[in-house]
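Contents: one structure, followed by commentary.
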Amino acid sequence: MMRSHRAGDLRADDVGESVVLCGWVASRRDHGGKVFLDVRDVAGVVQAVVDPQLPGLEVAHRLRHEWVVRVVGDVSARPDGTVNDDLPTGAVEVIAREIEVLSEAEPSPFPLDDRVDVDEVLRLRHRYLDLRRAPMQRNLRLRAAVNRVMREAMTEQDFVEIETPMLVASTPEGARDFVVPSRLRPGEFYALPQSPQLFKQLLMVGGFDRYFQIARCLRDEDLRADRQFEFMQLDVEMSFADQEDVLDAISVAVLAAAEVSRPGAGLASIPRITWHEAMERYGSDKPDVRFDMELVELTDIFGDTDFRAFAGADAVKGLRVAGQADMTRARLDALTERAKALGALGLVWMRVRDGGELESPVAKFVSESEQLALIDALGAVAGDLLLIVAGKRAMVRDVLGTIRLDLGRPPVSEGGLRFVWVVDFPLFEETLGEDGRPAPMHHPFTMPHPDDVERLESDPLSVRAQAYDLVLNGWELGSGSVRIHRPDVQQRVFSLIGFDPTEAQQRFGFLLDAFRFGAPPHAGFAVGIDRFVAILAGEENIREVIAFPKTQSGVDPLTGAPTPIDPTQLRDLGLRLSPPKE
RNA sequence: GGUCCUGUGGUGCAGUUUGGAGUGCACGCCGCCCUGUCAAGGCGGAGGCCGCGGGUUCAAAUCCCGUCAGGACCGCCA
């Protein structure tokens, strides 16, 4: 028998048991005449007590951190006064009878003690050691649990799990593709899927009316704290379903996962906000509603102001920063610079003094009635700092939305879990594309809102989409839409964005063809699992919930990927490298 | 492509502002001692291309330029 028990599982009930443990030496406290070993395995740590004077146990002096050992012994209650309340196993210890060294270990390149923050490249280069540490064990087990309950939730709702190909056709839309050269057809390439989008719609035509997949997606775009080249999505599509059906089905899955991570937190439903309201109140399409500090509309107050910075502005909005009237001039200047960097002409700040007096370099330009209206609108009290931006509405929202986050956003591990559905996204981007045509905000198969279809041609930028995002604590967790299944509507959207029929046929012909053979109305969604698990784990960075992530420059410090390949591989693929750029 | 931050024994830091001997702290590592510790303790020891290259200077971890690596962000991510 290799082992009989897990070290971390031993409790007072096990006293008297003869046990065989296998694990790593987490710590050795050598008193000369007695040696204490902390033996760590997947379940935790237990103390083994060794008398090195006994035959066969002299090895205890020689053991080092992270050696792998097999310990045969008897579970014993710890003597009075030596119980360790900090350890789950702290009531017991294992009196060793035999110790076998299964593997020796060189000194670790970094402490495996999770109290020490270690340089991330070093951790990634030796990820197999980093994975032994408690946070990574916890995070990856949480991730497994999230995958499990979401899979269960979808299966219980009659969704069918279906895999789609990894080697797919490149489509020029969207993100940059990773490509794979074809050996059998030199000069031609597969792409790795950015998402299973087109396949899941084909599955709907194929009669699987509820599909899901925990799918790997790949996009060759620059990496960020919340973005890796490859990431996982809970990908979902359903037929004969509208937006409500999708939101319900996804809610069940993500709330089940939230419950696993925060048992008893009692999240029952996910509130909704329209895209327009989110932009006006939070200056973001992914509002972090863990804190208030909402954007307040001030345009009407300054409708006929003499203050030139506000006069005639498309929009004037402000923030009330509670209790921050004493913010230093240097910080205010830094905020102003930040606002300018984001596109504002300037940032007006006002300190609210006792008696409601406003202190600001520009106070003298703002009339008394305007000042009173301002204080009233913002709900300002003495000690507050007011920040105001004027200009184009989209810019004002964007600038104040960013400053709101800069000043108020709590760490990811604080403030609970605040999901929000953002609904009624516009069908097209706010401004026309370079070609003077509308650009789809989501993708060109998104169904317009039924009340707005008639304005498609006359006023396309005002048309809402049946598109929706799921937001958690200010992170975009996922997005989805009702898809266009009617060729006539699809044709109108294509011609609006400048796809002529031939081009559309070339790019997405197989999908359009499929839709000619009886396409059910369908809608779908995809949840970003890496981001979701990161938030649940209280991590600011998705690398902390990925076993083997890449650095910001796309390198894996463990394997060295990417690497050059052998010239014969290139030849087989019909590829020749151009000379390196100077 | 851009902005900002960080590179100092194996690890985490201080030292850089104001140039003056690789100086310091904690952990780890090696040796010895030690029978109730649990981040054991005591004594001793080893270990450095101050990321790399160039420049300024009598003198550079420290100032300047470049470069590499990492991180955060902008662009990008339908």
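All residue names refer to the structure tokens as shown: chains lettered A, B, ... in order, residues numbered from 1 in each chain, ligands numbered from 1 in order.
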To test your reading of the structure, identify every residue in range 202-296 of chain A that backbone DSSP assigns to alpha helix (DSSP H), and report it as a PyMOL selection string. chain A and resi 202-205+243-261+275-282
Return the neighbours of chain B among the residues of chain A, cut-off 7 Å, counting only C-alpha atoms (C1' of nucleotides), as a ChimeraX atom specification. /A:29,31-34,36,82,109-111,116,121,173-175,221-222,440-443
Enumerate, as a ChimeraX atom specification, the complete set of residues in range 311-490 of chain A that a backbone-based DSSP assignment places in strand (DSSP E). /A:315-321,348-352,358-359,385-391,419-423,467-472,475-482
Residues from the last selection, N, CA and C atoms, saved as a compact mmCIF listing (two decimals), in the first residue's frame:
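The result, written out as out-v2.txt:
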# COMPACT_ATOMS: atom_id res chain seq x y z
N ALA A 315 -22.99 68.41 -23.32
CA ALA A 315 -23.36 67.81 -22.05
C ALA A 315 -22.44 68.34 -20.95
N VAL A 316 -23.03 68.51 -19.75
CA VAL A 316 -22.23 68.81 -18.56
C VAL A 316 -22.63 67.79 -17.51
N LYS A 317 -21.66 67.08 -16.99
CA LYS A 317 -21.95 66.08 -15.96
C LYS A 317 -20.93 66.22 -14.84
N GLY A 318 -21.34 65.76 -13.65
CA GLY A 318 -20.44 65.89 -12.51
C GLY A 318 -20.47 64.68 -11.61
N LEU A 319 -19.44 64.62 -10.77
CA LEU A 319 -19.30 63.57 -9.76
C LEU A 319 -19.20 64.24 -8.40
N ARG A 320 -19.78 63.61 -7.39
CA ARG A 320 -19.58 64.06 -6.03
C ARG A 320 -18.65 63.06 -5.35
N VAL A 321 -17.46 63.56 -4.97
CA VAL A 321 -16.50 62.69 -4.30
C VAL A 321 -16.60 62.99 -2.81
N VAL A 348 -13.19 70.66 -14.14
CA VAL A 348 -13.50 71.69 -13.13
C VAL A 348 -13.66 71.01 -11.78
N TRP A 349 -12.90 71.50 -10.79
CA TRP A 349 -13.08 70.94 -9.45
C TRP A 349 -13.55 72.03 -8.51
N MET A 350 -14.35 71.62 -7.54
CA MET A 350 -14.88 72.56 -6.56
C MET A 350 -14.89 71.88 -5.20
N ARG A 351 -14.37 72.60 -4.21
CA ARG A 351 -14.42 72.09 -2.85
C ARG A 351 -15.64 72.68 -2.15
N VAL A 352 -16.39 71.84 -1.48
CA VAL A 352 -17.57 72.34 -0.76
C VAL A 352 -17.15 72.66 0.66
N LEU A 358 -18.66 77.28 -2.35
CA LEU A 358 -17.84 76.51 -3.28
C LEU A 358 -16.50 77.21 -3.47
N GLU A 359 -15.43 76.43 -3.28
CA GLU A 359 -14.08 76.97 -3.45
C GLU A 359 -13.48 76.35 -4.69
N LEU A 385 -15.86 66.94 -2.55
CA LEU A 385 -15.18 67.48 -3.72
C LEU A 385 -16.08 67.21 -4.92
N LEU A 386 -16.27 68.24 -5.76
CA LEU A 386 -17.09 68.08 -6.95
C LEU A 386 -16.21 68.16 -8.19
N LEU A 387 -16.43 67.24 -9.11
CA LEU A 387 -15.66 67.22 -10.35
C LEU A 387 -16.63 67.31 -11.51
N ILE A 388 -16.37 68.24 -12.43
CA ILE A 388 -17.32 68.49 -13.51
C ILE A 388 -16.59 68.52 -14.85
N VAL A 389 -17.19 67.88 -15.84
CA VAL A 389 -16.64 67.88 -17.19
C VAL A 389 -17.73 68.29 -18.15
N ALA A 390 -17.37 69.10 -19.14
CA ALA A 390 -18.32 69.54 -20.15
C ALA A 390 -17.75 69.27 -21.53
N GLY A 391 -18.66 69.03 -22.48
CA GLY A 391 -18.22 68.80 -23.85
C GLY A 391 -19.15 67.83 -24.54
N PHE A 419 -23.61 41.39 -9.83
CA PHE A 419 -23.90 41.13 -11.24
C PHE A 419 -24.85 42.20 -11.77
N VAL A 420 -24.72 42.51 -13.04
CA VAL A 420 -25.68 43.37 -13.73
C VAL A 420 -25.82 42.89 -15.17
N TRP A 421 -27.06 42.80 -15.64
CA TRP A 421 -27.29 42.64 -17.08
C TRP A 421 -27.34 44.03 -17.71
N VAL A 422 -26.54 44.26 -18.71
CA VAL A 422 -26.65 45.51 -19.48
C VAL A 422 -27.36 45.16 -20.78
N VAL A 423 -28.53 45.76 -20.99
CA VAL A 423 -29.35 45.37 -22.14
C VAL A 423 -29.55 46.57 -23.07
N ALA A 467 -29.05 42.87 -27.99
CA ALA A 467 -27.73 42.42 -27.53
C ALA A 467 -27.59 42.82 -26.07
N TYR A 468 -26.84 41.99 -25.34
CA TYR A 468 -26.79 42.16 -23.88
C TYR A 468 -25.46 41.66 -23.36
N ASP A 469 -24.99 42.30 -22.31
CA ASP A 469 -23.74 41.90 -21.66
C ASP A 469 -24.05 41.50 -20.22
N LEU A 470 -23.23 40.61 -19.70
CA LEU A 470 -23.28 40.32 -18.27
C LEU A 470 -22.04 40.95 -17.64
N VAL A 471 -22.27 41.76 -16.60
CA VAL A 471 -21.18 42.47 -15.95
C VAL A 471 -21.13 42.04 -14.48
N LEU A 472 -19.92 41.81 -13.99
CA LEU A 472 -19.75 41.47 -12.57
C LEU A 472 -18.66 42.36 -12.00
N TRP A 475 -16.41 44.14 -14.37
CA TRP A 475 -15.73 43.37 -15.43
C TRP A 475 -16.77 42.87 -16.41
N GLU A 476 -16.48 42.94 -17.71
CA GLU A 476 -17.36 42.34 -18.69
C GLU A 476 -17.17 40.83 -18.63
N LEU A 477 -18.24 40.15 -18.18
CA LEU A 477 -18.13 38.69 -18.03
C LEU A 477 -18.53 37.96 -19.29
N GLY A 478 -19.34 38.62 -20.10
CA GLY A 478 -19.76 37.93 -21.30
C GLY A 478 -20.78 38.74 -22.06
N SER A 479 -21.07 38.29 -23.27
CA SER A 479 -22.06 39.00 -24.06
C SER A 479 -22.78 38.03 -24.97
N GLY A 480 -23.92 38.51 -25.45
CA GLY A 480 -24.72 37.67 -26.33
C GLY A 480 -25.73 38.49 -27.07
N SER A 481 -26.51 37.81 -27.89
CA SER A 481 -27.50 38.52 -28.67
C SER A 481 -28.53 37.54 -29.22
N VAL A 482 -29.65 38.14 -29.63
CA VAL A 482 -30.58 37.42 -30.49
C VAL A 482 -30.02 37.54 -31.90
Using only C-alpha atoms (C1' of nucleotides), which protein or nucleic acid residues come within 10 Å of range 503-518 of chain A? Drop anything in the same chain fewer than 3 positions from it, and give the result as a count of residues only. 25
Could you tell me how far CA of Val296 in chain A sits from CA of Asp459 in chain A, in Å to one decimal place?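 Computing it gives 27.7 Å between the two atoms.
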Name all residues at most 8 Å from Val399 in chain A (count only C-alpha atoms (C1' of nucleotides); drop same-chain ones fewer than 4 positions away) and give them as an mmCIF file with C-alpha atoms, in the first residue's frame.
data_model
loop_
_atom_site.group_PDB
_atom_site.id
_atom_site.type_symbol
_atom_site.label_atom_id
_atom_site.label_comp_id
_atom_site.auth_asym_id
_atom_site.auth_seq_id
_atom_site.Cartn_x
_atom_site.Cartn_y
_atom_site.Cartn_z
ATOM 1 C CA GLY A 283 -19.965 56.365 -17.775
ATOM 2 C CA ALA A 339 -9.076 64.039 -17.792
ATOM 3 C CA LEU A 342 -8.845 61.002 -21.874
ATOM 4 C CA GLY A 343 -9.990 63.728 -24.242
ATOM 5 C CA ALA A 344 -11.504 66.394 -22.010
ATOM 6 C CA VAL A 389 -16.639 67.879 -17.189
ATOM 7 C CA MET A 395 -16.479 62.129 -24.079
ATOM 8 C CA ILE A 403 -12.255 59.072 -13.035
#
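Note that the spacing between CA of Val71 in chain A and CA of Arg127 in chain A amounts to 26.7 Å.
The protein and nucleic acid residues lying at most 12 Å from G20 in chain B are B:U57, B:C58, B:A59, B:A60, B:U62, with only C-alpha atoms (C1' of nucleotides) considered and sequence neighbours fewer than 5 positions away removed.
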With a distance cut-off of 10 Å and only C-alpha atoms (C1' of nucleotides), select the neighbouring residues of Glu188 in chain A, excluding the residue or stretch itself and same-chain residues fewer than 5 positions from it, and output the selection as a list in words. Val179, Val180, Pro181, Ser182, Arg183, Leu573 and Gly574 of chain A
Dump of all heavy atoms for the selected residues, as a PDB file, in the first residue's frame:
ATOM      1  N   VAL A 179      -3.228  31.460 -36.931  1.00  0.00           N
ATOM      2  CA  VAL A 179      -3.400  30.623 -38.111  1.00  0.00           C
ATOM      3  C   VAL A 179      -2.472  29.411 -38.051  1.00  0.00           C
ATOM      4  O   VAL A 179      -1.410  29.442 -37.428  1.00  0.00           O
ATOM      5  CB  VAL A 179      -3.157  31.404 -39.419  1.00  0.00           C
ATOM      6  CG1 VAL A 179      -4.199  32.490 -39.567  1.00  0.00           C
ATOM      7  CG2 VAL A 179      -1.760  31.972 -39.458  1.00  0.00           C
ATOM      8  N   VAL A 180      -2.909  28.352 -38.714  1.00  0.00           N
ATOM      9  CA  VAL A 180      -2.173  27.091 -38.751  1.00  0.00           C
ATOM     10  C   VAL A 180      -2.006  26.700 -40.211  1.00  0.00           C
ATOM     11  O   VAL A 180      -2.996  26.517 -40.914  1.00  0.00           O
ATOM     12  CB  VAL A 180      -2.956  25.984 -38.017  1.00  0.00           C
ATOM     13  CG1 VAL A 180      -2.207  24.660 -38.085  1.00  0.00           C
ATOM     14  CG2 VAL A 180      -3.225  26.390 -36.580  1.00  0.00           C
ATOM     15  N   PRO A 181      -0.768  26.602 -40.679  1.00  0.00           N
ATOM     16  CA  PRO A 181      -0.573  26.266 -42.091  1.00  0.00           C
ATOM     17  C   PRO A 181      -0.994  24.829 -42.391  1.00  0.00           C
ATOM     18  O   PRO A 181      -0.811  23.933 -41.574  1.00  0.00           O
ATOM     19  CB  PRO A 181       0.938  26.444 -42.295  1.00  0.00           C
ATOM     20  CG  PRO A 181       1.528  26.395 -40.939  1.00  0.00           C
ATOM     21  CD  PRO A 181       0.485  26.823 -39.958  1.00  0.00           C
ATOM     22  N   SER A 182      -1.568  24.644 -43.565  1.00  0.00           N
ATOM     23  CA  SER A 182      -2.008  23.318 -43.982  1.00  0.00           C
ATOM     24  C   SER A 182      -0.886  22.601 -44.716  1.00  0.00           C
ATOM     25  O   SER A 182      -0.324  23.137 -45.671  1.00  0.00           O
ATOM     26  CB  SER A 182      -3.226  23.452 -44.902  1.00  0.00           C
ATOM     27  OG  SER A 182      -3.426  22.248 -45.608  1.00  0.00           O
ATOM     28  N   ARG A 183      -0.561  21.380 -44.263  1.00  0.00           N
ATOM     29  CA  ARG A 183       0.484  20.597 -44.940  1.00  0.00           C
ATOM     30  C   ARG A 183      -0.040  20.011 -46.242  1.00  0.00           C
ATOM     31  O   ARG A 183       0.638  20.016 -47.262  1.00  0.00           O
ATOM     32  CB  ARG A 183       0.956  19.470 -44.017  1.00  0.00           C
ATOM     33  CG  ARG A 183       1.950  18.501 -44.653  1.00  0.00           C
ATOM     34  CD  ARG A 183       2.369  17.412 -43.690  1.00  0.00           C
ATOM     35  NE  ARG A 183       1.229  16.666 -43.180  1.00  0.00           N
ATOM     36  CZ  ARG A 183       0.684  15.617 -43.812  1.00  0.00           C
ATOM     37  NH1 ARG A 183       1.171  15.187 -44.958  1.00  0.00           N
ATOM     38  NH2 ARG A 183      -0.364  14.997 -43.297  1.00  0.00           N
ATOM     39  N   LEU A 573       5.516  22.427 -44.850  1.00  0.00           N
ATOM     40  CA  LEU A 573       4.334  23.277 -44.878  1.00  0.00           C
ATOM     41  C   LEU A 573       4.338  24.236 -46.055  1.00  0.00           C
ATOM     42  O   LEU A 573       3.410  25.006 -46.241  1.00  0.00           O
ATOM     43  CB  LEU A 573       4.257  24.082 -43.566  1.00  0.00           C
ATOM     44  CG  LEU A 573       4.088  23.220 -42.312  1.00  0.00           C
ATOM     45  CD1 LEU A 573       4.349  24.038 -41.060  1.00  0.00           C
ATOM     46  CD2 LEU A 573       2.696  22.605 -42.273  1.00  0.00           C
ATOM     47  N   GLY A 574       5.422  24.181 -46.847  1.00  0.00           N
ATOM     48  CA  GLY A 574       5.498  25.077 -47.979  1.00  0.00           C
ATOM     49  C   GLY A 574       5.715  26.517 -47.573  1.00  0.00           C
ATOM     50  O   GLY A 574       5.253  27.432 -48.235  1.00  0.00           O
TER      51      GLY A 574
END
Can you work out the spacing between CA of Cys22 in chain A and CA of Ala96 in chain A in Å, to one decimal? 12.4 Å
Please identify all polymer residues within 12 Å of U67 in chain B, counting only C-alpha atoms (C1' of nucleotides), omitting same-chain residues fewer than 2 positions from it, and present them as an NGL selection string. :B and (51-54 or 65 or 69)
Take the residues from that selection and put them in a file with N, CA and C atoms (P, O5', C5', C4', C3', O3' and C1' of nucleotides), as a PDB file, in the first residue's frame.
ATOM      1  P     G B  51      20.615  46.219 -11.780  1.00  0.00           P
ATOM      2  O5'   G B  51      20.748  45.116 -12.924  1.00  0.00           O
ATOM      3  C5'   G B  51      20.630  43.745 -12.602  1.00  0.00           C
ATOM      4  C4'   G B  51      20.548  42.952 -13.870  1.00  0.00           C
ATOM      5  C3'   G B  51      21.530  43.371 -14.955  1.00  0.00           C
ATOM      6  O3'   G B  51      22.795  42.770 -14.791  1.00  0.00           O
ATOM      7  C1'   G B  51      19.359  43.195 -15.871  1.00  0.00           C
ATOM      8  P     C B  52      24.127  43.565 -15.187  1.00  0.00           P
ATOM      9  O5'   C B  52      24.057  43.643 -16.770  1.00  0.00           O
ATOM     10  C5'   C B  52      24.134  42.472 -17.571  1.00  0.00           C
ATOM     11  C4'   C B  52      23.996  42.836 -19.025  1.00  0.00           C
ATOM     12  C3'   C B  52      24.905  43.962 -19.507  1.00  0.00           C
ATOM     13  O3'   C B  52      26.215  43.522 -19.803  1.00  0.00           O
ATOM     14  C1'   C B  52      22.706  44.373 -20.232  1.00  0.00           C
ATOM     15  P     G B  53      27.460  44.545 -19.661  1.00  0.00           P
ATOM     16  O5'   G B  53      27.247  45.586 -20.851  1.00  0.00           O
ATOM     17  C5'   G B  53      27.374  45.145 -22.190  1.00  0.00           C
ATOM     18  C4'   G B  53      27.092  46.275 -23.143  1.00  0.00           C
ATOM     19  C3'   G B  53      27.860  47.565 -22.906  1.00  0.00           C
ATOM     20  O3'   G B  53      29.191  47.517 -23.382  1.00  0.00           O
ATOM     21  C1'   G B  53      25.600  48.068 -23.313  1.00  0.00           C
ATOM     22  P     G B  54      30.293  48.470 -22.706  1.00  0.00           P
ATOM     23  O5'   G B  54      29.807  49.935 -23.096  1.00  0.00           O
ATOM     24  C5'   G B  54      30.103  50.455 -24.378  1.00  0.00           C
ATOM     25  C4'   G B  54      29.349  51.737 -24.627  1.00  0.00           C
ATOM     26  C3'   G B  54      29.823  52.972 -23.875  1.00  0.00           C
ATOM     27  O3'   G B  54      31.008  53.540 -24.410  1.00  0.00           O
ATOM     28  C1'   G B  54      27.471  52.871 -23.805  1.00  0.00           C
ATOM     29  P     C B  65      17.936  60.383 -20.276  1.00  0.00           P
ATOM     30  O5'   C B  65      18.680  59.661 -21.486  1.00  0.00           O
ATOM     31  C5'   C B  65      19.086  60.393 -22.620  1.00  0.00           C
ATOM     32  C4'   C B  65      19.839  59.513 -23.581  1.00  0.00           C
ATOM     33  C3'   C B  65      19.155  58.195 -23.937  1.00  0.00           C
ATOM     34  O3'   C B  65      18.145  58.345 -24.920  1.00  0.00           O
ATOM     35  C1'   C B  65      21.414  57.779 -23.422  1.00  0.00           C
ATOM     36  P     A B  69      12.663  41.510 -24.729  1.00  0.00           P
ATOM     37  O5'   A B  69      12.468  41.183 -23.183  1.00  0.00           O
ATOM     38  C5'   A B  69      12.983  39.979 -22.642  1.00  0.00           C
ATOM     39  C4'   A B  69      12.765  39.955 -21.152  1.00  0.00           C
ATOM     40  C3'   A B  69      11.344  40.256 -20.692  1.00  0.00           C
ATOM     41  O3'   A B  69      10.479  39.153 -20.828  1.00  0.00           O
ATOM     42  C1'   A B  69      12.877  41.479 -19.375  1.00  0.00           C
TER      43        A B  69
END
